[in-house]
Each structure stands twice: as C-alpha cells, then as structure tokens.
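Q: Data: coords19.txt, compact mmCIF, C-alpha atoms.
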# COMPACT_ATOMS: atom_id res chain seq x y z
CA MET J 1 164.24 -81.50 26.38
CA THR J 2 163.88 -81.73 22.62
CA LEU J 3 161.21 -83.34 20.48
CA SER J 4 161.68 -87.03 19.68
CA LEU J 5 162.08 -88.15 16.08
CA SER J 6 158.58 -89.67 16.00
CA ALA J 7 157.10 -86.41 17.37
CA ILE J 8 158.92 -84.39 14.69
CA ALA J 9 157.68 -86.86 12.05
CA MET J 10 154.07 -86.37 13.27
CA LEU J 11 154.52 -82.60 13.26
CA VAL J 12 155.82 -82.61 9.68
CA PHE J 13 153.20 -85.12 8.50
CA GLY J 14 150.30 -83.23 10.12
CA SER J 15 151.47 -79.85 8.87
CA VAL J 16 152.14 -81.00 5.29
CA VAL J 17 148.86 -82.91 4.93
CA LEU J 18 146.59 -80.39 6.66
CA TYR J 19 148.08 -76.99 5.87
CA GLY J 20 149.73 -78.00 2.57
CA GLY J 21 146.47 -79.61 1.46
CA LEU J 22 144.45 -76.59 2.56
CA VAL J 23 146.69 -74.16 0.64
CA TYR J 24 146.59 -76.41 -2.46
CA PHE J 25 142.80 -76.74 -2.55
CA LEU J 26 142.29 -73.05 -1.77
CA TYR J 27 144.59 -72.29 -4.73
CA ARG J 28 142.52 -74.62 -6.94
CA ALA J 29 139.30 -72.96 -5.78
CA LEU J 30 140.64 -69.47 -6.50
CA LYS J 31 141.95 -70.60 -9.89
CA GLY J 32 138.56 -72.12 -10.71
CA ARG J 33 136.78 -68.90 -9.71
CA LYS J 34 139.00 -66.82 -12.03
CA LYS J 35 138.08 -69.08 -14.95
CA MET N 1 134.66 -64.68 30.92
CA VAL N 2 133.40 -62.16 33.50
CA TYR N 3 135.24 -63.96 36.33
CA SER N 4 138.50 -63.96 34.36
CA VAL N 5 138.72 -60.14 34.69
CA ASP N 6 139.70 -60.47 38.37
CA LEU N 7 140.63 -64.19 38.26
CA ARG N 8 137.91 -64.91 40.82
CA TRP N 9 138.80 -68.63 40.95
CA GLY N 10 142.24 -67.87 42.48
CA MET N 11 144.36 -71.01 42.84
CA HIS N 12 141.35 -73.21 43.58
CA ALA N 13 139.62 -73.37 40.21
CA GLU N 14 138.13 -76.82 40.85
CA GLN N 15 136.42 -75.77 44.08
CA PHE N 16 135.30 -72.44 42.55
CA PHE N 17 133.88 -74.03 39.40
CA LEU N 18 132.29 -77.18 40.82
CA LYS N 19 131.11 -75.93 44.23
CA ASN N 20 130.75 -72.13 44.16
CA PHE N 21 129.69 -71.66 40.53
CA LEU N 22 127.87 -74.86 39.55
CA GLY N 23 126.92 -76.11 43.03
CA VAL N 24 127.33 -79.69 41.77
CA THR N 25 125.10 -82.17 43.60
CA SER N 26 126.01 -85.75 44.56
CA SER N 27 123.87 -87.44 41.87
CA PRO N 28 122.33 -86.60 38.47
CA LEU N 29 118.86 -87.12 39.97
CA ILE N 30 119.37 -84.57 42.76
CA LEU N 31 118.73 -81.36 40.82
CA GLY N 32 119.84 -78.94 43.55
CA GLY N 33 117.99 -75.87 42.20
CA ILE N 34 118.75 -73.48 39.36
CA ARG N 35 122.08 -71.60 39.54
CA ILE N 36 121.33 -67.96 38.68
CA PRO N 37 124.71 -67.06 37.00
CA VAL N 38 124.40 -70.15 34.77
CA LEU N 39 120.77 -69.28 33.99
CA LEU N 40 121.73 -65.72 32.99
CA SER N 41 124.49 -67.08 30.72
CA LEU N 42 121.98 -69.48 29.15
CA ILE N 43 119.52 -66.64 28.47
CA ALA N 44 122.32 -64.53 26.93
CA ILE N 45 123.39 -67.40 24.65
CA TRP N 46 119.87 -68.14 23.40
CA VAL N 47 119.22 -64.41 22.77
CA CYS N 48 122.49 -64.27 20.77
CA ILE N 49 121.47 -67.34 18.74
CA PHE N 50 118.06 -65.80 18.01
CA LEU N 51 119.57 -62.46 16.94
CA ILE N 52 122.05 -64.21 14.63
CA LEU N 53 119.55 -66.58 13.01
CA TYR N 54 116.22 -64.80 12.71
CA LYS N 55 117.13 -62.78 9.63
CA GLY N 56 118.47 -65.76 7.73
CA VAL N 57 121.66 -66.70 5.98
CA LYS N 58 122.92 -63.18 5.15
CA ARG N 59 123.31 -62.29 8.82
CA ILE N 60 124.99 -65.66 9.53
CA GLY N 61 127.60 -64.77 6.88
CA LYS N 62 128.34 -61.45 8.60
CA VAL N 63 128.58 -63.05 12.06
CA VAL N 64 130.85 -65.86 10.84
CA ALA N 65 133.11 -63.28 9.16
CA LEU N 66 133.85 -62.06 12.73
CA THR N 67 133.46 -65.18 14.91
CA VAL N 68 135.83 -67.36 12.89
CA PRO N 69 138.91 -65.10 12.46
CA ILE N 70 138.74 -63.55 15.97
CA PRO N 71 139.15 -66.79 17.96
CA THR N 72 141.72 -68.04 15.44
CA ILE N 73 143.83 -64.91 16.01
CA LEU N 74 143.34 -65.28 19.78
CA LEU N 75 144.42 -68.94 19.55
CA ILE N 76 147.59 -67.86 17.75
CA ILE N 77 148.32 -65.28 20.51
CA LEU N 78 147.74 -67.89 23.23
CA THR N 79 149.91 -70.46 21.43
CA ILE N 80 152.79 -68.01 21.04
CA ARG N 81 152.51 -67.22 24.76
CA GLY N 82 152.29 -70.94 25.60
CA LEU N 83 155.35 -71.85 23.54
CA THR N 84 157.46 -69.22 25.34
CA LEU N 85 156.67 -70.77 28.74
CA PRO N 86 159.15 -73.07 30.48
CA GLY N 87 158.33 -76.74 29.94
CA SER N 88 156.27 -76.14 26.83
CA ILE N 89 158.40 -78.53 24.73
CA GLU N 90 157.59 -81.40 27.12
CA GLY N 91 153.89 -80.68 26.59
CA ILE N 92 154.27 -80.56 22.82
CA SER N 93 156.29 -83.78 22.89
CA TYR N 94 153.53 -85.46 24.94
CA TYR N 95 150.98 -84.23 22.37
CA LEU N 96 152.87 -85.30 19.24
CA THR N 97 154.58 -88.56 20.26
CA PRO N 98 152.44 -91.33 18.72
CA ASN N 99 151.35 -94.44 20.61
CA PHE N 100 150.60 -96.87 17.79
CA SER N 101 149.34 -99.60 20.16
CA GLN N 102 146.18 -97.47 20.60
CA LEU N 103 145.27 -98.17 16.95
CA LEU N 104 144.03 -101.57 18.15
CA ASN N 105 141.72 -99.95 20.70
CA ALA N 106 138.12 -99.76 19.40
CA LYS N 107 137.29 -97.03 21.95
CA VAL N 108 139.90 -94.73 20.39
CA TRP N 109 138.41 -95.23 16.92
CA LEU N 110 134.88 -94.59 18.18
CA ALA N 111 136.05 -91.44 20.01
CA ALA N 112 137.85 -90.30 16.83
CA TYR N 113 134.74 -90.90 14.69
CA ALA N 114 132.57 -89.07 17.26
CA GLN N 115 135.04 -86.14 17.30
CA VAL N 116 135.08 -85.89 13.49
CA PHE N 117 131.27 -86.15 13.28
CA PHE N 118 130.83 -83.49 15.97
CA SER N 119 133.58 -81.17 14.75
CA LEU N 120 132.51 -81.22 11.09
CA GLY N 121 128.82 -81.09 11.98
CA LEU N 122 128.10 -84.41 10.22
CA ALA N 123 124.87 -86.32 10.89
CA GLN N 124 123.33 -83.18 12.40
CA GLY N 125 121.93 -81.69 9.21
CA ILE N 126 124.38 -78.76 9.39
CA MET N 127 126.23 -79.54 6.16
CA ILE N 128 122.99 -80.35 4.30
CA THR N 129 121.42 -77.05 5.40
CA TYR N 130 124.42 -74.88 4.59
CA ALA N 131 124.91 -76.70 1.28
CA SER N 132 121.30 -75.82 0.38
CA PHE N 133 122.28 -72.13 0.52
CA LEU N 134 125.00 -72.61 -2.11
CA LYS N 135 124.53 -71.64 -5.74
CA LYS N 136 123.68 -74.52 -8.07
CA LYS N 137 127.05 -74.37 -9.78
CA SER N 138 129.11 -74.30 -6.56
CA ASP N 139 132.09 -76.63 -6.41
CA ILE N 140 130.77 -78.95 -3.66
CA THR N 141 133.73 -81.34 -3.70
CA ASN N 142 136.41 -78.69 -3.33
CA ASN N 143 134.32 -76.89 -0.66
CA ALA N 144 134.01 -80.15 1.28
CA ILE N 145 137.76 -80.81 1.12
CA ILE N 146 138.63 -77.23 2.19
CA THR N 147 136.12 -77.40 5.09
CA SER N 148 137.52 -80.72 6.32
CA LEU N 149 141.17 -79.61 6.07
CA ALA N 150 140.47 -76.24 7.74
CA ASP N 151 138.58 -77.97 10.56
CA ALA N 152 141.27 -80.59 11.16
CA GLY N 153 144.00 -77.93 10.81
CA THR N 154 142.36 -75.75 13.49
CA SER N 155 142.03 -78.75 15.83
CA PHE N 156 145.69 -79.71 15.22
CA PHE N 157 146.77 -76.14 15.97
CA ALA N 158 144.54 -75.90 19.08
CA GLY N 159 146.39 -78.96 20.43
CA PHE N 160 149.57 -76.86 20.58
CA THR N 161 147.69 -74.14 22.50
CA VAL N 162 146.44 -76.63 25.07
CA PHE N 163 149.52 -78.78 25.55
CA SER N 164 152.05 -75.93 25.68
CA ILE N 165 150.20 -74.30 28.60
CA VAL N 166 148.99 -77.47 30.33
CA ASP N 167 152.56 -78.66 30.81
CA TYR N 168 153.42 -75.33 32.44
CA LEU N 169 150.68 -76.08 34.97
CA ALA N 170 151.88 -79.66 35.45
CA ALA N 171 155.44 -78.42 36.04
CA SER N 172 154.19 -75.75 38.49
CA GLN N 173 152.22 -78.36 40.46
CA GLY N 174 154.99 -80.95 40.25
CA VAL N 175 152.75 -83.59 38.62
CA GLY N 176 152.80 -85.32 35.22
CA ILE N 177 150.53 -84.21 32.36
CA GLU N 178 148.75 -87.58 32.51
CA ASN N 179 147.57 -86.73 36.04
CA LEU N 180 145.96 -83.46 34.98
CA GLY N 181 142.40 -83.32 33.66
CA ILE N 182 142.81 -82.51 29.98
CA ALA N 183 139.41 -83.41 28.58
CA GLY N 184 135.91 -81.93 28.43
CA PRO N 185 134.59 -79.25 30.79
CA TYR N 186 137.35 -80.02 33.30
CA LEU N 187 139.99 -78.79 30.84
CA ILE N 188 138.11 -75.58 30.07
CA PHE N 189 136.92 -74.63 33.53
CA VAL N 190 139.46 -76.14 35.92
CA THR N 191 142.80 -76.92 34.26
CA TYR N 192 142.92 -73.88 31.99
CA PRO N 193 141.85 -71.24 34.58
CA THR N 194 144.51 -72.60 36.94
CA ALA N 195 147.13 -72.41 34.18
CA ILE N 196 146.02 -68.88 33.27
CA SER N 197 146.38 -67.76 36.91
CA LEU N 198 150.06 -68.70 36.70
CA LEU N 199 150.73 -66.51 33.65
CA PRO N 200 151.97 -62.94 33.72
CA ILE N 201 149.15 -60.49 32.76
CA ALA N 202 146.81 -63.35 33.69
CA ALA N 203 143.57 -61.34 33.46
CA LEU N 204 144.32 -60.35 29.85
CA PHE N 205 145.02 -63.96 28.81
CA GLY N 206 141.95 -65.13 30.74
CA VAL N 207 139.69 -62.69 28.88
CA ILE N 208 141.33 -63.60 25.52
CA PHE N 209 140.86 -67.32 26.17
CA TYR N 210 137.20 -67.04 27.16
CA ILE N 211 136.33 -64.65 24.29
CA ALA N 212 137.84 -67.23 21.90
CA LEU N 213 135.88 -69.99 23.59
CA LEU N 214 132.62 -67.99 23.54
CA THR N 215 132.88 -67.16 19.82
CA PHE N 216 133.73 -70.77 18.90
CA GLY N 217 130.81 -71.95 21.07
CA ILE N 218 128.30 -69.53 19.54
CA ASP N 219 129.39 -70.61 16.04
CA SER N 220 128.69 -74.25 16.92
CA ALA N 221 125.43 -73.43 18.69
CA PHE N 222 123.77 -71.48 15.90
CA SER N 223 124.94 -73.89 13.23
CA MET N 224 123.19 -76.70 15.17
CA ILE N 225 119.94 -74.73 15.50
CA GLU N 226 119.91 -73.50 11.88
CA PRO N 227 119.04 -76.90 10.28
CA ILE N 228 115.98 -77.26 12.52
CA THR N 229 114.73 -73.70 11.96
CA SER N 230 115.30 -74.04 8.21
CA GLY N 231 113.36 -77.32 8.26
CA ILE N 232 110.43 -75.81 10.18
CA HIS N 233 110.49 -72.72 7.96
CA SER N 234 110.34 -74.65 4.71
CA LYS N 235 107.97 -77.40 5.85
CA TRP N 236 105.28 -75.35 7.57
CA LYS N 237 105.58 -72.01 5.73
CA ILE N 238 106.42 -70.23 8.98
CA THR N 239 108.57 -67.10 8.71
CA LYS N 240 112.24 -67.52 9.55
CA ALA N 241 111.90 -65.21 12.58
CA LYS N 242 108.96 -67.22 13.97
CA ALA N 243 110.68 -70.58 13.36
CA THR N 244 113.82 -69.29 15.09
CA ALA N 245 111.82 -67.91 18.03
CA ILE N 246 110.02 -71.27 18.47
CA MET N 247 113.27 -73.24 18.36
CA CYS N 248 115.14 -70.87 20.67
CA THR N 249 112.30 -70.95 23.22
CA LEU N 250 112.08 -74.76 23.12
CA GLY N 251 115.88 -75.01 23.24
CA PHE N 252 116.03 -72.68 26.22
CA PHE N 253 113.48 -74.69 28.23
CA ALA N 254 115.09 -78.01 27.24
CA SER N 255 118.51 -76.78 28.37
CA LEU N 256 117.26 -75.49 31.74
CA ILE N 257 118.32 -78.84 33.20
CA PHE N 258 121.95 -77.79 32.62
CA THR N 259 121.53 -74.76 34.91
CA THR N 260 120.75 -76.94 37.93
CA GLY N 261 123.26 -78.40 40.37
CA SER N 262 123.10 -81.71 38.50
CA GLY N 263 123.60 -80.02 35.10
CA MET N 264 127.22 -81.12 34.85
CA TYR N 265 126.24 -84.81 35.12
CA TRP N 266 123.53 -84.36 32.47
CA LEU N 267 125.92 -82.53 30.16
CA GLU N 268 128.57 -85.25 30.40
CA MET N 269 126.09 -88.09 30.01
CA LEU N 270 124.25 -86.55 27.05
CA ASP N 271 127.55 -85.66 25.42
CA HIS N 272 128.79 -89.22 25.88
CA PHE N 273 125.66 -90.93 24.54
CA ILE N 274 124.82 -88.49 21.75
CA SER N 275 128.42 -88.27 20.48
CA ASN N 276 129.22 -91.98 20.81
CA PHE N 277 125.87 -93.47 19.85
CA GLY N 278 123.47 -90.85 18.49
CA LEU N 279 125.71 -89.20 15.89
CA VAL N 280 127.35 -92.45 14.81
CA ALA N 281 123.93 -94.13 14.47
CA VAL N 282 122.53 -91.21 12.44
CA GLY N 283 125.68 -91.29 10.26
CA LEU N 284 125.12 -95.02 9.69
CA VAL N 285 121.45 -94.48 8.75
CA GLU N 286 122.44 -91.63 6.38
CA CYS N 287 125.02 -93.87 4.64
CA LEU N 288 122.53 -96.75 4.32
CA ILE N 289 119.75 -94.53 2.90
CA LEU N 290 122.10 -92.66 0.58
CA GLY N 291 123.86 -95.84 -0.59
CA TRP N 292 120.97 -98.28 -0.87
CA VAL N 293 117.78 -96.21 -1.31
CA PHE N 294 118.96 -93.08 -3.10
CA ASN N 295 120.51 -93.24 -6.55
CA LEU N 296 124.06 -92.62 -5.31
CA HIS N 297 125.82 -92.26 -8.66
CA ARG N 298 123.47 -89.35 -9.58
CA LEU N 299 124.78 -87.41 -6.60
CA ARG N 300 128.39 -88.16 -7.60
CA GLU N 301 127.71 -87.17 -11.20
CA HIS N 302 126.17 -83.87 -10.06
CA ALA N 303 129.21 -83.11 -7.87
CA ASN N 304 131.60 -84.02 -10.72
CA LYS N 305 129.75 -81.75 -13.17
CA THR N 306 130.50 -78.65 -11.12
CA SER N 307 133.95 -79.54 -9.77
CA ASP N 308 137.42 -79.95 -11.23
CA VAL N 309 138.21 -82.42 -8.40
CA LEU N 310 136.55 -85.56 -9.75
CA ILE N 311 135.18 -88.28 -7.46
CA GLY N 312 135.59 -91.85 -8.68
CA ARG N 313 133.55 -95.02 -8.13
CA TRP N 314 135.52 -95.63 -4.92
CA TRP N 315 133.20 -93.06 -3.25
CA ASP N 316 130.14 -95.26 -3.91
CA VAL N 317 131.98 -98.25 -2.40
CA LEU N 318 132.88 -96.17 0.68
CA ILE N 319 129.30 -94.98 1.26
CA LYS N 320 127.68 -98.35 0.49
CA PHE N 321 130.02 -100.81 2.19
CA VAL N 322 133.14 -99.53 3.94
CA ILE N 323 131.77 -96.73 6.18
CA PRO N 324 128.59 -98.63 7.25
CA ALA N 325 130.71 -101.71 8.06
CA ILE N 326 133.14 -99.63 10.18
CA LEU N 327 130.31 -97.79 11.96
CA ILE N 328 128.44 -101.05 12.72
CA ILE N 329 131.59 -102.66 14.15
CA LEU N 330 132.33 -99.58 16.27
CA LEU N 331 128.74 -99.31 17.51
CA VAL N 332 128.59 -102.98 18.49
CA ALA N 333 131.99 -102.76 20.23
CA SER N 334 130.86 -99.66 22.09
CA VAL N 335 127.51 -101.16 23.14
CA VAL N 336 129.28 -104.27 24.46
CA ASP N 337 131.82 -102.11 26.29
CA ASN N 338 129.08 -99.95 27.82
CA ILE N 339 127.19 -103.06 28.99
CA MET N 340 130.35 -104.53 30.55
CA ASN N 341 131.47 -101.22 32.07
CA PRO N 342 128.46 -98.91 32.67
CA TYR N 343 129.26 -95.23 32.03
CA MET N 344 130.93 -93.66 35.10
CA GLY N 345 129.78 -96.71 37.10
CA TYR N 346 126.21 -95.32 37.28
CA PRO N 347 123.33 -97.78 37.89
CA TRP N 348 121.50 -98.95 34.76
CA TRP N 349 118.28 -97.04 35.43
CA ILE N 350 120.17 -93.70 35.58
CA ILE N 351 121.91 -94.49 32.27
CA LEU N 352 118.54 -95.41 30.71
CA ILE N 353 116.83 -92.20 31.91
CA CYS N 354 119.66 -89.71 31.37
CA GLY N 355 121.60 -91.25 28.51
CA LEU N 356 119.62 -93.57 26.28
CA ALA N 357 116.14 -92.00 26.63
CA PRO N 358 117.20 -88.62 25.14
CA VAL N 359 118.94 -90.39 22.21
CA LEU N 360 115.82 -92.51 21.49
CA PHE N 361 113.61 -89.43 21.95
CA ILE N 362 115.55 -87.60 19.20
CA PHE N 363 115.00 -90.49 16.74
CA LEU N 364 111.31 -90.72 17.68
CA LEU N 365 110.76 -86.96 17.38
CA ALA N 366 112.52 -86.89 13.98
CA PHE N 367 110.25 -89.72 12.76
CA ILE N 368 107.06 -87.99 14.01
CA LEU N 369 108.07 -84.65 12.46
CA MET N 370 108.80 -86.43 9.18
CA LYS N 371 105.34 -88.04 9.17
CA ILE N 372 103.42 -84.81 9.89
CA LYS N 373 102.18 -83.32 6.66
CA GLY N 374 103.81 -80.01 5.88
CA ASN N 375 103.03 -76.98 3.79
CA ARG N 376 106.20 -76.57 1.74
CA VAL N 377 107.55 -73.18 0.69
CA LYS N 378 108.48 -73.05 -2.98
CA THR N 379 112.19 -72.24 -3.29
Reformat the file's structure so that it appears as structure tokens.
A:
Amino acid sequence: MTLSLSAIAMLVFGSVVLYGGLVYFLYRALKGRKK
Amino acid sequence: MVYSVDLRWGMHAEQFFLKNFLGVTSSPLILGGIRIPVLLSLIAIWVCIFLILYKGVKRIGKVVALTVPIPTILLIILTIRGLTLPGSIEGISYYLTPNFSQLLNAKVWLAAYAQVFFSLGLAQGIMITYASFLKKKSDITNNAIITSLADAGTSFFAGFTVFSIVDYLAASQGVGIENLGIAGPYLIFVTYPTAISLLPIAALFGVIFYIALLTFGIDSAFSMIEPITSGIHSKWKITKAKATAIMCTLGFFASLIFTTGSGMYWLEMLDHFISNFGLVAVGLVECLILGWVFNLHRLREHANKTSDVLIGRWWDVLIKFVIPAILIILLVASVVDNIMNPYMGYPWWIILICGLAPVLFIFLLAFILMKIKGNRVKT
C-alpha cells in the first residue's frame, strides 16, 4: 500500500509549515542575537 | 518502566494494567483501597518534582536540557523502528488522510482547542511564569512562535511513532486500527505495551518508550507546579524551597485519589472536565480581561519594541473579539452536548461530584487566594 495523494499533501503541508517555520524563526532568532 | 524490563504484561496488557496493576473497581465511588506500586510511583514523582523545583529556575534549565532532547531522540529511534515494521504505511496513511467532514463537528474543534491549551501550557500560568524569568529585552514574539512550532512539530512527529507501531499491532491481531484503543491511558498502558511485546528486542524498546514517557511527563508536571510555587513565593515572601515543599505535599495528598482502584475513573473524568471546560473557560477569562480591562495595545507595543517580528492591530481584534467568540461558541456547544449525552453515561450526581466540583473548586480557590493580602517580594 502507498500513501494517498491527500495524505502526501498533508505530510508536505505539515512538514513545510511546522519544520520550515521552526527553522526560519530559529534562524531569525540567531541572527537577531548576533546583532 | 520497571515492568517493561521483563515485559510482565505478556500478551494480556489490558488485564495486567486494569486488573493486576490498577485493580480498577466497578464505579468511581468505590475506591477499592490504595494500590502500593502506584503509591510508590506517585511518591517518586513528587520527590522528583520537589528536587527539580526547590532551587529555582537555574536547576529547571539544567533538567530541561536533559529531559527535552532525551525523549526526542528516543522518539526518533522508536519511529525509525516503527517505520521498518510491516504494515506501517497503512498506519501512516490512516494518520495523514484528512477527513474534512469533521471540520463541521464542534466536538473536534473543542478537543483541538483543549489539546493546544494543554500542550502549550496556556491558561495554566505556565507561559506567564516562564516569561517572567526572561530578560527585559527578550524577543517575546519570536520565542512564542518558536515554542508553538516546536510543540506542534513534536506532536506531529509523535503521531508517526504511534501510528506506525499501532498498525503493526492491528495487523498482528487481525483487526482494523479504528477498533484499537488509540487515545488516553489506554494507548499508553494497553495498546503500546501489547505492540512492544510483538517487537524484536522488546524489552529494550519497552524501556526506551517508558523512559521517553517519564521524561516528557516530568517536564509537564514540574512546569504545572512552578507557576503556583512562584506565586506563593512572591506573594507571601516564603522561600522557594518552602513554597515548593508546601505545594508538593498538598499535590501529593490531593493526587492520592489516583492511587486507589477508582483512580482511573477520576483521572479520565478530571482530564475530560478540566481540559474541555476548565482550561477553555480560563482561556476565555484571560482573553476578556486582557482585551477589555487591560490596556492591550501597551502589551503589543512592548512586544514590538523588543522583536523584529512585528505584531499588527489584528492581534488586538483576535484577543478582543475572535478568540472569545470562538471559545464561547465551543463552550456552549460542549455544555449542551454534555447535558444531552452525559460523560460516559454516568449519572448526573457522579458527574457533579467528580467532574464539575473540582473545576469550580479551582476557580473558587484562585479567587480566595487572590483576595488574601500578600507580602510581596521586591523583584
């Protein structure tokens, strides 16, 4: 069995929003600390 | 965790957990005596909480530096193991495939709000207390966003851990995932132990799973006690150690009910009423006070001064109108639903004693403590 298209879409959406967002805001925090 | 060394539950985790370990009685009002192994665990947990909290925030920082990465690493190990099991893709598919019709179900929204409130520690004073330890120039907005994303990201990842292994169990027992218990204590103490028994090197994975669970649990427990001890410490000029000792002793005696044969009923009922009503109601009161009594834009301006992520006027609208409106609708829908379908089919007087009375008691106690004149420590 493989993942359905909607399941893959949820996986991509969740990963991009949560982990992408986390990496982005951590980067901003580190950049702000350097300043 | 101790029982996972020799997988004492065997292939009958439900019987072992409910009958042998907890000695569950037939009703919440039949206490059935204190269960000694549960009592010893309770003592150990409260001693741990005391040792972590009594020296203040510096020790909390050291403990969290261990108790956050360790379970996260253990979760990753368990997920990798889960994903290599036969049938794991079916479990993941069950987890990820959306059912958009549920968006019209008010119960789902209330459960989601309760989960977010509980998971992020909102409406429990946790965020307010920890924020008070920050330096004045800390970037509150960015910290809040990182905390929320890390929390939701961990929950999202933990879903893979659960569903990859749970499907293995469903496949082994020849039943569908929907017929397995995958919520609350049943998941942790019945479904998961059974799944672990089926794994190769089961004892190792059992110990890993319960260490992860213990460290996550202790993190949550001391963060819930910290706001109260900090409050007592600053209001009545009591040392941190004394305030922690008072709270841990009171907490221990208050939680003795959970060590009895009826403890499971009390746990589920209190969890249901405090998560679904108590936290949401406190969140609503916080929004109303912050939005309509406190000068909200001052708070936003302070946050914007120290952050490069600027909050606009939309935040005021959310706190003043949108969130209170949503919480009121959800609360009313939930009250109506609970009147129409009493929780677990229990008679009304049991729900009043075990569910609503503790929630009302918390509000009453908070009001009384607020009214008692304190002796503030200058900070």
Q: Show me, as a list of chain:residue names, the residues of chain N whose atoms get within 8 Å of chain J, using all atoms listed in the file for the distance check.
A: N:Ile89, N:Glu90, N:Ile92, N:Ser93, N:Leu96, N:Thr97, N:Pro98, N:Asn142, N:Ile145, N:Ile146, N:Leu149, N:Ala150, N:Ala152, N:Gly153, N:Phe156, N:Asp308
Q: Quick one: residues within 12 Å of Ser26 of chain N, only C-alpha atoms counted, chain neighbours fewer than 4 positions away excluded, as a VMD selection string?
A: chain N and resid 18 to 19 30 to 32 261 to 265
Q: At a cut-off of 8 Å, can you tabulate as a tab-separated table every residue of segment 206-314 of chain N near segment 112-134 of chain N together with its closest atom pair and the distance in Å to one decimal, using only C-alpha atoms and ordering rows by chain then number?
A:
residue	atom	partner	partner_atom	distance
N:Ser223	CA	N:Ile126	CA	6.2
N:Met224	CA	N:Ile126	CA	6.3
N:Glu226	CA	N:Ile126	CA	7.3
N:Pro227	CA	N:Thr129	CA	5.4
N:Ser230	CA	N:Thr129	CA	7.4
N:Ser275	CA	N:Ala114	CA	5.3
N:Asn276	CA	N:Ala114	CA	5.7
N:Leu279	CA	N:Ala123	CA	5.8
N:Val280	CA	N:Ala114	CA	6.7
N:Val282	CA	N:Ala123	CA	5.6
N:Gly283	CA	N:Ala123	CA	5.1
N:Glu286	CA	N:Ala123	CA	7.4
Q: Hey, which of N:Val190, N:Val309, N:Leu352, N:Ile80 ends up closest to Phe21 of chain N? Count only C-alpha atoms.
A: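 Going through N:Val190, N:Val309, N:Leu352, N:Ile80 one by one, the smallest distance to Phe21 of chain N is for N:Val190.
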